[in-house]
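To keep things clear, I will list the structure first and then write my remarks on it.
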Amino acid sequence: MKAAPEREPLEKAVPRDVFQAEVDAWAERIGVHPKVVQVRPMKRKWGSCSTAGRVTFDTSLLRQHADFRKRVVVEELLHLRVPNHSKLFKSVLRAYLGGSVRRAGC
């Protein structure tokens, strides 16, 4: 089940090309190359990452605030390097985002 964001959704969704630019920028920073990035409706998750390199985000993520979107994007892209929620994953996530590590997208 999706974790509820701490703030109310935005009135207008971020355009998909802007969101794609956010994903591309983080992918470059992290050093990963997703084969496919999709945005589609998802009932239970904000995002997912397949072992084949496909990263999928929920369309409602486009209506969330930038800090929450960033958290989900970084978490899903990091799964291309570390495919679980191990201590290593949490350490790398903390290195990119700082602060405490709480699940957002998976």
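Going through the structure tokens in order, the chains are called A, B, and so on, while each chain numbers its residues from 1 and the ligands are numbered from 1 in the order shown.
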Within 7 Å of region 7-18 of chain A using only C-alpha atoms, minus same-chain residues under 4 positions, as a PyMOL selection string: chain A and resi 22+62-65
Contacts of region 37-48 of chain A within 12 Å, only C-alpha atoms, excl. fewer than 4 positions in-chain, as a PyMOL selection string: chain A and resi 1-5+15-17+19-24+27+33+52-64+68-80+83-84+103-106
Could you find all residues in region 3-51 of chain A that DSSP calls strand (DSSP E or B) from the backbone, and write them as a PDB file with C-alpha atoms, in the first residue's frame?
ATOM      1  CA  VAL A  36      12.646   2.241 -19.942  1.00  0.00           C
ATOM      2  CA  VAL A  37      11.016   4.912 -17.774  1.00  0.00           C
ATOM      3  CA  GLN A  38       7.218   4.696 -17.626  1.00  0.00           C
ATOM      4  CA  VAL A  39       4.536   6.772 -15.958  1.00  0.00           C
ATOM      5  CA  ARG A  40       1.250   4.921 -15.513  1.00  0.00           C
ATOM      6  CA  GLY A  47       7.101   3.469  -8.174  1.00  0.00           C
ATOM      7  CA  SER A  48       8.761   0.186  -9.051  1.00  0.00           C
ATOM      8  CA  CYS A  49      11.929  -1.097 -10.663  1.00  0.00           C
TER       9      CYS A  49
END
Separation of CA of Ile30 (chain A) from CA of Lys87 (chain A) in Å: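 Computing it gives 17.7 Å between the two atoms.
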